[in-house]
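Structure below is entry.pdb: PDB, N, CA and C atoms.
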ATOM      1  N   MET C   1     -50.884  13.713 -54.833
ATOM      2  CA  MET C   1     -49.612  14.395 -54.918
ATOM      3  C   MET C   1     -48.627  13.480 -55.638
ATOM      4  N   TYR C   2     -47.712  14.072 -56.350
ATOM      5  CA  TYR C   2     -46.711  13.334 -57.103
ATOM      6  C   TYR C   2     -45.323  13.601 -56.524
ATOM      7  N   CYS C   3     -44.473  12.586 -56.586
ATOM      8  CA  CYS C   3     -43.086  12.745 -56.161
ATOM      9  C   CYS C   3     -42.343  13.586 -57.191
ATOM     10  N   ASN C   4     -41.566  14.557 -56.728
ATOM     11  CA  ASN C   4     -40.809  15.422 -57.632
ATOM     12  C   ASN C   4     -39.632  14.709 -58.277
ATOM     13  N   TYR C   5     -39.232  13.573 -57.719
ATOM     14  CA  TYR C   5     -38.045  12.888 -58.210
ATOM     15  C   TYR C   5     -38.373  11.739 -59.155
ATOM     16  N   CYS C   6     -39.357  10.882 -58.753
ATOM     17  CA  CYS C   6     -39.664   9.725 -59.604
ATOM     18  C   CYS C   6     -40.996   9.872 -60.337
ATOM     19  N   GLY C   7     -41.832  10.837 -59.949
ATOM     20  CA  GLY C   7     -43.072  11.105 -60.651
ATOM     21  C   GLY C   7     -44.233  10.191 -60.300
ATOM     22  N   LYS C   8     -44.077   9.330 -59.319
ATOM     23  CA  LYS C   8     -45.155   8.403 -58.947
ATOM     24  C   LYS C   8     -46.129   9.087 -57.993
ATOM     25  N   VAL C   9     -47.355   8.574 -57.961
ATOM     26  CA  VAL C   9     -48.383   9.117 -57.087
ATOM     27  C   VAL C   9     -48.129   8.641 -55.655
ATOM     28  N   ILE C  10     -48.131   9.591 -54.715
ATOM     29  CA  ILE C  10     -47.924   9.274 -53.311
ATOM     30  C   ILE C  10     -49.027   9.937 -52.491
ATOM     31  N   GLN C  11     -49.100   9.591 -51.206
ATOM     32  CA  GLN C  11     -50.098  10.182 -50.323
ATOM     33  C   GLN C  11     -49.859  11.675 -50.175
ATOM     34  N   ASP C  12     -50.935  12.408 -49.918
ATOM     35  CA  ASP C  12     -50.822  13.855 -49.773
ATOM     36  C   ASP C  12     -50.041  14.276 -48.537
ATOM     37  N   ASP C  13     -50.086  13.475 -47.483
ATOM     38  CA  ASP C  13     -49.411  13.848 -46.244
ATOM     39  C   ASP C  13     -48.064  13.148 -46.057
ATOM     40  N   ALA C  14     -47.525  12.572 -47.127
ATOM     41  CA  ALA C  14     -46.265  11.827 -47.034
ATOM     42  C   ALA C  14     -45.075  12.778 -46.918
ATOM     43  N   ASN C  15     -44.106  12.384 -46.090
ATOM     44  CA  ASN C  15     -42.853  13.131 -45.989
ATOM     45  C   ASN C  15     -41.784  12.542 -46.895
ATOM     46  N   LEU C  16     -41.853  11.223 -47.117
ATOM     47  CA  LEU C  16     -40.911  10.515 -47.969
ATOM     48  C   LEU C  16     -41.674   9.792 -49.062
ATOM     49  N   CYS C  17     -41.082   9.676 -50.223
ATOM     50  CA  CYS C  17     -41.678   8.915 -51.316
ATOM     51  C   CYS C  17     -41.503   7.428 -51.010
ATOM     52  N   ALA C  18     -42.582   6.664 -51.140
ATOM     53  CA  ALA C  18     -42.531   5.233 -50.857
ATOM     54  C   ALA C  18     -41.786   4.471 -51.942
ATOM     55  N   TYR C  19     -41.593   5.058 -53.097
ATOM     56  CA  TYR C  19     -40.955   4.372 -54.214
ATOM     57  C   TYR C  19     -39.457   4.649 -54.305
ATOM     58  N   CYS C  20     -39.076   5.916 -54.195
ATOM     59  CA  CYS C  20     -37.652   6.246 -54.349
ATOM     60  C   CYS C  20     -36.981   6.641 -53.033
ATOM     61  N   GLY C  21     -37.766   6.928 -51.976
ATOM     62  CA  GLY C  21     -37.199   7.247 -50.672
ATOM     63  C   GLY C  21     -36.753   8.682 -50.487
ATOM     64  N   LYS C  22     -36.992   9.537 -51.457
ATOM     65  CA  LYS C  22     -36.577  10.938 -51.347
ATOM     66  C   LYS C  22     -37.568  11.713 -50.489
ATOM     67  N   ARG C  23     -37.089  12.755 -49.828
ATOM     68  CA  ARG C  23     -37.943  13.600 -49.000
ATOM     69  C   ARG C  23     -38.770  14.503 -49.922
ATOM     70  N   VAL C  24     -40.093  14.504 -49.733
ATOM     71  CA  VAL C  24     -40.983  15.284 -50.587
ATOM     72  C   VAL C  24     -41.770  16.325 -49.813
ATOM     73  N   ALA C  25     -41.544  16.441 -48.506
ATOM     74  CA  ALA C  25     -42.279  17.423 -47.718
ATOM     75  C   ALA C  25     -41.862  18.825 -48.144
ATOM     76  N   CYS C  26     -42.796  19.743 -48.058
ATOM     77  CA  CYS C  26     -42.530  21.128 -48.483
ATOM     78  C   CYS C  26     -41.562  21.835 -47.549
ATOM     79  N   ALA C  27     -41.751  21.653 -46.258
ATOM     80  CA  ALA C  27     -40.894  22.333 -45.290
ATOM     81  C   ALA C  27     -39.601  21.543 -45.099
ATOM     82  N   PRO C  28     -38.461  22.220 -45.177
ATOM     83  CA  PRO C  28     -37.208  21.499 -44.968
ATOM     84  C   PRO C  28     -37.081  21.047 -43.524
ATOM     85  N   VAL C  29     -36.602  19.819 -43.339
ATOM     86  CA  VAL C  29     -36.477  19.261 -42.006
ATOM     87  C   VAL C  29     -35.043  19.385 -41.509
ATOM     88  N   ALA C  30     -34.100  19.559 -42.404
ATOM     89  CA  ALA C  30     -32.695  19.640 -42.009
ATOM     90  C   ALA C  30     -32.487  20.829 -41.067
ATOM     91  N   ARG C  31     -31.724  20.598 -40.055
ATOM     92  CA  ARG C  31     -31.494  21.625 -39.046
ATOM     93  C   ARG C  31     -30.203  22.375 -39.318
ATOM     94  N   ALA C  32     -30.138  23.585 -38.825
ATOM     95  CA  ALA C  32     -28.923  24.376 -38.956
ATOM     96  C   ALA C  32     -27.907  23.983 -37.888
ATOM     97  N   ARG C  33     -28.406  23.467 -36.750
ATOM     98  CA  ARG C  33     -27.529  23.054 -35.650
ATOM     99  C   ARG C  33     -27.733  21.583 -35.359
ATOM    100  N   LEU C  34     -26.689  20.954 -34.886
ATOM    101  CA  LEU C  34     -26.752  19.546 -34.495
ATOM    102  C   LEU C  34     -27.288  19.469 -33.072
ATOM    103  N   MET C  35     -28.514  18.923 -32.923
ATOM    104  CA  MET C  35     -29.111  18.787 -31.605
ATOM    105  C   MET C  35     -30.016  17.565 -31.560
ATOM    106  N   ARG C  36     -30.289  17.089 -30.341
ATOM    107  CA  ARG C  36     -31.134  15.916 -30.147
ATOM    108  C   ARG C  36     -32.583  16.353 -30.035
ATOM    109  N   PRO C  37     -33.456  15.911 -30.943
ATOM    110  CA  PRO C  37     -34.864  16.306 -30.867
ATOM    111  C   PRO C  37     -35.557  15.669 -29.666
ATOM    112  N   ARG C  38     -36.640  16.281 -29.227
ATOM    113  CA  ARG C  38     -37.388  15.771 -28.081
ATOM    114  C   ARG C  38     -38.377  14.690 -28.489
ATOM    115  N   GLU C  39     -38.888  14.731 -29.703
ATOM    116  CA  GLU C  39     -39.880  13.756 -30.153
ATOM    117  C   GLU C  39     -39.263  12.804 -31.162
ATOM    118  N   GLY C  40     -39.617  11.533 -31.069
ATOM    119  CA  GLY C  40     -39.147  10.542 -32.021
ATOM    120  C   GLY C  40     -37.870   9.839 -31.608
ATOM    121  N   ARG C  41     -37.423  10.040 -30.399
ATOM    122  CA  ARG C  41     -36.198   9.408 -29.917
ATOM    123  C   ARG C  41     -36.389   7.912 -29.730
ATOM    124  N   ALA C  42     -35.333   7.150 -29.979
ATOM    125  CA  ALA C  42     -35.345   5.727 -29.646
ATOM    126  C   ALA C  42     -34.669   5.528 -28.288
ATOM    127  N   ILE C  43     -33.464   6.032 -28.121
ATOM    128  CA  ILE C  43     -32.769   5.936 -26.835
ATOM    129  C   ILE C  43     -32.516   7.354 -26.321
ATOM    130  N   ALA C  44     -31.620   8.071 -26.966
ATOM    131  CA  ALA C  44     -31.296   9.415 -26.513
ATOM    132  C   ALA C  44     -31.506  10.461 -27.598
ATOM    133  N   GLY C  45     -31.788  10.038 -28.819
ATOM    134  CA  GLY C  45     -32.012  10.976 -29.903
ATOM    135  C   GLY C  45     -30.774  11.349 -30.684
ATOM    136  N   VAL C  46     -29.664  10.668 -30.426
ATOM    137  CA  VAL C  46     -28.417  10.994 -31.115
ATOM    138  C   VAL C  46     -28.518  10.676 -32.603
ATOM    139  N   CYS C  47     -28.981   9.488 -32.932
ATOM    140  CA  CYS C  47     -29.095   9.099 -34.349
ATOM    141  C   CYS C  47     -30.113   9.961 -35.078
ATOM    142  N   LEU C  48     -31.224  10.277 -34.408
ATOM    143  CA  LEU C  48     -32.234  11.131 -35.015
ATOM    144  C   LEU C  48     -31.698  12.535 -35.234
ATOM    145  N   GLY C  49     -30.890  13.030 -34.312
ATOM    146  CA  GLY C  49     -30.274  14.345 -34.471
ATOM    147  C   GLY C  49     -29.334  14.389 -35.665
ATOM    148  N   PHE C  50     -28.493  13.345 -35.815
ATOM    149  CA  PHE C  50     -27.609  13.280 -36.979
ATOM    150  C   PHE C  50     -28.402  13.143 -38.275
ATOM    151  N   ALA C  51     -29.473  12.350 -38.243
ATOM    152  CA  ALA C  51     -30.295  12.151 -39.441
ATOM    153  C   ALA C  51     -30.951  13.446 -39.881
ATOM    154  N   GLU C  52     -31.474  14.228 -38.950
ATOM    155  CA  GLU C  52     -32.096  15.499 -39.301
ATOM    156  C   GLU C  52     -31.065  16.527 -39.737
ATOM    157  N   TYR C  53     -29.895  16.513 -39.134
ATOM    158  CA  TYR C  53     -28.855  17.477 -39.492
ATOM    159  C   TYR C  53     -28.335  17.241 -40.910
ATOM    160  N   PHE C  54     -28.109  15.964 -41.251
ATOM    161  CA  PHE C  54     -27.587  15.635 -42.575
ATOM    162  C   PHE C  54     -28.687  15.319 -43.577
ATOM    163  N   ASP C  55     -29.962  15.426 -43.165
ATOM    164  CA  ASP C  55     -31.129  15.179 -44.012
ATOM    165  C   ASP C  55     -31.083  13.778 -44.620
ATOM    166  N   LEU C  56     -30.872  12.790 -43.749
ATOM    167  CA  LEU C  56     -30.837  11.387 -44.147
ATOM    168  C   LEU C  56     -31.903  10.619 -43.388
ATOM    169  N   ASP C  57     -32.149   9.392 -43.803
ATOM    170  CA  ASP C  57     -33.109   8.537 -43.121
ATOM    171  C   ASP C  57     -32.516   8.066 -41.790
ATOM    172  N   VAL C  58     -33.312   8.128 -40.733
ATOM    173  CA  VAL C  58     -32.819   7.765 -39.407
ATOM    174  C   VAL C  58     -32.478   6.279 -39.336
ATOM    175  N   SER C  59     -33.168   5.440 -40.089
ATOM    176  CA  SER C  59     -32.860   4.008 -40.082
ATOM    177  C   SER C  59     -31.464   3.746 -40.628
ATOM    178  N   LEU C  60     -31.081   4.482 -41.653
ATOM    179  CA  LEU C  60     -29.741   4.343 -42.226
ATOM    180  C   LEU C  60     -28.681   4.730 -41.199
ATOM    181  N   ILE C  61     -28.898   5.818 -40.493
ATOM    182  CA  ILE C  61     -27.940   6.266 -39.473
ATOM    183  C   ILE C  61     -27.839   5.234 -38.355
ATOM    184  N   ARG C  62     -28.977   4.682 -37.932
ATOM    185  CA  ARG C  62     -28.955   3.682 -36.861
ATOM    186  C   ARG C  62     -28.228   2.415 -37.287
ATOM    187  N   ILE C  63     -28.440   1.975 -38.520
ATOM    188  CA  ILE C  63     -27.759   0.776 -39.016
ATOM    189  C   ILE C  63     -26.252   1.002 -39.082
ATOM    190  N   ILE C  64     -25.851   2.156 -39.568
ATOM    191  CA  ILE C  64     -24.413   2.479 -39.639
ATOM    192  C   ILE C  64     -23.824   2.527 -38.235
ATOM    193  N   TRP C  65     -24.544   3.152 -37.293
ATOM    194  CA  TRP C  65     -24.028   3.287 -35.930
ATOM    195  C   TRP C  65     -23.878   1.931 -35.261
ATOM    196  N   VAL C  66     -24.863   1.054 -35.417
ATOM    197  CA  VAL C  66     -24.783  -0.285 -34.816
ATOM    198  C   VAL C  66     -23.662  -1.096 -35.459
ATOM    199  N   THR C  67     -23.502  -0.974 -36.771
ATOM    200  CA  THR C  67     -22.428  -1.685 -37.469
ATOM    201  C   THR C  67     -21.064  -1.242 -36.958
ATOM    202  N   VAL C  68     -20.879   0.052 -36.803
ATOM    203  CA  VAL C  68     -19.605   0.565 -36.282
ATOM    204  C   VAL C  68     -19.409   0.119 -34.839
ATOM    205  N   ALA C  69     -20.488   0.082 -34.068
ATOM    206  CA  ALA C  69     -20.376  -0.334 -32.666
ATOM    207  C   ALA C  69     -19.994  -1.801 -32.554
ATOM    208  N   ILE C  70     -20.560  -2.646 -33.411
ATOM    209  CA  ILE C  70     -20.281  -4.080 -33.325
ATOM    210  C   ILE C  70     -18.894  -4.415 -33.870
ATOM    211  N   PHE C  71     -18.573  -3.897 -35.046
ATOM    212  CA  PHE C  71     -17.317  -4.281 -35.690
ATOM    213  C   PHE C  71     -16.138  -3.394 -35.295
ATOM    214  N   GLY C  72     -16.396  -2.145 -35.009
ATOM    215  CA  GLY C  72     -15.300  -1.254 -34.652
ATOM    216  C   GLY C  72     -15.085  -1.138 -33.166
ATOM    217  N   GLY C  73     -16.152  -1.278 -32.407
ATOM    218  CA  GLY C  73     -16.050  -1.170 -30.959
ATOM    219  C   GLY C  73     -16.101   0.248 -30.438
ATOM    220  N   THR C  74     -15.830   1.224 -31.277
ATOM    221  CA  THR C  74     -15.825   2.612 -30.817
ATOM    222  C   THR C  74     -17.201   3.261 -30.920
ATOM    223  N   GLY C  75     -18.157   2.579 -31.518
ATOM    224  CA  GLY C  75     -19.496   3.141 -31.689
ATOM    225  C   GLY C  75     -20.200   3.385 -30.376
ATOM    226  N   PHE C  76     -20.015   2.497 -29.408
ATOM    227  CA  PHE C  76     -20.645   2.676 -28.101
ATOM    228  C   PHE C  76     -20.097   3.910 -27.392
ATOM    229  N   LEU C  77     -18.793   4.054 -27.405
ATOM    230  CA  LEU C  77     -18.163   5.215 -26.777
ATOM    231  C   LEU C  77     -18.548   6.504 -27.508
ATOM    232  N   ALA C  78     -18.562   6.467 -28.831
ATOM    233  CA  ALA C  78     -18.932   7.646 -29.609
ATOM    234  C   ALA C  78     -20.381   8.041 -29.347
ATOM    235  N   TYR C  79     -21.275   7.056 -29.172
ATOM    236  CA  TYR C  79     -22.678   7.353 -28.886
ATOM    237  C   TYR C  79     -22.823   8.052 -27.542
ATOM    238  N   VAL C  80     -22.123   7.552 -26.519
ATOM    239  CA  VAL C  80     -22.192   8.164 -25.196
ATOM    240  C   VAL C  80     -21.619   9.575 -25.227
ATOM    241  N   ILE C  81     -20.522   9.762 -25.934
ATOM    242  CA  ILE C  81     -19.923  11.102 -26.042
ATOM    243  C   ILE C  81     -20.872  12.050 -26.777
ATOM    244  N   ALA C  82     -21.474  11.571 -27.868
ATOM    245  CA  ALA C  82     -22.421  12.410 -28.608
ATOM    246  C   ALA C  82     -23.639  12.730 -27.748
ATOM    247  N   TRP C  83     -24.079  11.787 -26.927
ATOM    248  CA  TRP C  83     -25.210  11.994 -26.026
ATOM    249  C   TRP C  83     -24.904  13.130 -25.044
ATOM    250  N   ILE C  84     -23.674  13.158 -24.550
ATOM    251  CA  ILE C  84     -23.276  14.169 -23.579
ATOM    252  C   ILE C  84     -23.046  15.522 -24.254
ATOM    253  N   VAL C  85     -22.422  15.525 -25.415
ATOM    254  CA  VAL C  85     -22.015  16.763 -26.076
ATOM    255  C   VAL C  85     -23.167  17.444 -26.817
ATOM    256  N   MET C  86     -24.031  16.674 -27.478
ATOM    257  CA  MET C  86     -25.112  17.264 -28.282
ATOM    258  C   MET C  86     -26.174  17.863 -27.374
ATOM    259  N   PRO C  87     -26.528  19.129 -27.595
ATOM    260  CA  PRO C  87     -27.582  19.721 -26.771
ATOM    261  C   PRO C  87     -28.951  19.168 -27.163
ATOM    262  N   SER C  88     -29.839  19.160 -26.202
ATOM    263  CA  SER C  88     -31.200  18.724 -26.463
ATOM    264  C   SER C  88     -31.992  19.890 -27.044
ATOM    265  N   GLU C  89     -32.964  19.578 -27.867
ATOM    266  CA  GLU C  89     -33.807  20.603 -28.480
ATOM    267  C   GLU C  89     -34.551  21.367 -27.388
ATOM    268  N   PRO C  90     -34.652  22.701 -27.516
ATOM    269  CA  PRO C  90     -35.369  23.464 -26.486
ATOM    270  C   PRO C  90     -36.849  23.087 -26.470
ATOM    271  N   GLU C  91     -37.461  23.220 -25.305
ATOM    272  CA  GLU C  91     -38.874  22.906 -25.165
ATOM    273  C   GLU C  91     -39.708  23.913 -25.936
ATOM    274  N   ARG C  92     -40.766  23.401 -26.542
ATOM    275  CA  ARG C  92     -41.689  24.282 -27.267
ATOM    276  C   ARG C  92     -42.816  24.684 -26.329
ATOM    277  N   ILE C  93     -43.155  25.939 -26.367
ATOM    278  CA  ILE C  93     -44.236  26.438 -25.535
ATOM    279  C   ILE C  93     -45.539  26.295 -26.305
ATOM    280  N   GLN C  94     -46.489  25.604 -25.709
ATOM    281  CA  GLN C  94     -47.783  25.407 -26.340
ATOM    282  C   GLN C  94     -48.615  26.672 -26.170
ATOM    283  N   THR C  95     -49.089  27.209 -27.276
ATOM    284  CA  THR C  95     -49.964  28.365 -27.221
ATOM    285  C   THR C  95     -51.352  27.951 -27.664
ATOM    286  N   ALA C  96     -52.334  28.536 -27.070
ATOM    287  CA  ALA C  96     -53.721  28.223 -27.427
ATOM    288  C   ALA C  96     -54.123  29.092 -28.615
ATOM    289  N   VAL C  97     -54.216  28.473 -29.789
ATOM    290  CA  VAL C  97     -54.595  29.203 -30.989
ATOM    291  C   VAL C  97     -56.117  29.241 -31.057
ATOM    292  N   GLY C  98     -56.658  30.405 -31.248
ATOM    293  CA  GLY C  98     -58.103  30.550 -31.377
ATOM    294  C   GLY C  98     -58.833  30.487 -30.045
ATOM    295  N   ALA C  99     -58.111  30.576 -28.969
ATOM    296  CA  ALA C  99     -58.746  30.524 -27.659
ATOM    297  C   ALA C  99     -58.928  31.927 -27.096
ATOM    298  N   GLN C 100     -59.391  32.824 -27.932
ATOM    299  CA  GLN C 100     -59.598  34.189 -27.488
ATOM    300  C   GLN C 100     -60.932  34.266 -26.769
ATOM    301  N   HIS C 101     -60.946  35.064 -25.744
ATOM    302  CA  HIS C 101     -62.166  35.213 -24.973
ATOM    303  C   HIS C 101     -63.035  36.287 -25.604
ATOM    304  N   ALA C 102     -64.309  36.017 -25.664
ATOM    305  CA  ALA C 102     -65.241  37.013 -26.176
ATOM    306  C   ALA C 102     -65.480  38.066 -25.101
ATOM    307  N   PRO C 103     -65.605  39.303 -25.496
ATOM    308  CA  PRO C 103     -65.831  40.357 -24.499
ATOM    309  C   PRO C 103     -67.191  40.153 -23.819
ATOM    310  N   THR C 104     -67.209  40.379 -22.537
ATOM    311  CA  THR C 104     -68.455  40.241 -21.792
ATOM    312  C   THR C 104     -69.196  41.561 -21.794
ATOM    313  N   PRO C 105     -70.507  41.514 -21.956
ATOM    314  CA  PRO C 105     -71.270  42.788 -21.987
ATOM    315  C   PRO C 105     -71.459  43.377 -20.625
TER     316      PRO C 105
END

So that I can check it, write out the structure of this file as structure tokens.
Amino acid sequence: MYCNYCGKVIQDDANLCAYCGKRVACAPVARARLMRPREGRAIAGVCLGFAEYFDLDVSLIRIIWVTVAIFGGTGFLAYVIAWIVMPSEPERIQTAVGAQHAPTP
């Protein structure tokens, strides 16, 4: 598979290009609502929720948040407020695909 932005060869299952960092996955990951995902959380999922909402790298959001927390002091309070205010992603119901029962004679 090739990156649509830089044209370099990347893995077939890659979500991000290793060379330019752009998102190359077919399905859009950006969310319509700001919410904390259930999978991939580091602490509470606040940074991951913002990263998915704005379609940015989660590492960039975490670095910005820690920088604001250390130098501004309001980052800790803002994180706790966002943790309380942002809803958590609804639980997904696991369905058994292909688990149909054969009719008994």

Calculated over only C-alpha atoms, which of the candidates C:Met86, C:Ile63, C:Cys20, C:Ile81 has the smallest distance to Pro37 (chain C)? C:Met86

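Note that the spacing between CA of Ala44 (chain C) and CA of Phe71 (chain C) amounts to 21.6 Å.
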
Would you work out the distance separating CA of Cys17 (chain C) from CA of Cys3 (chain C), expressed in Å to one decimal? 6.3 Å

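Residues in contact with region 48-59 of chain C at 6.5 Å, where all atoms listed in the file are counted and same-chain residues fewer than 2 positions away are skipped, are listed as Val29, Ala30, Arg31, Ala32, Arg33, Leu34, Met35, Arg36, Pro37, Gly45, Val46, Ile61, Arg62, Ile63 and Ile64 of chain C.
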
Could you pull out the residues in chain C that DSSP calls alpha helix (DSSP H) from the backbone, as an MDAnalysis selection string? chainID C and resid 46:54 58:67 75:85

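A straight line drawn from CA of Trp83 (chain C) to atom C of Cys47 (chain C) is 10.5 Å long.
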
Polymer residues at most 12 Å from Gln11 (chain C), only C-alpha atoms, same-chain spacing of 4 or more positions, as a count of residues only: 10
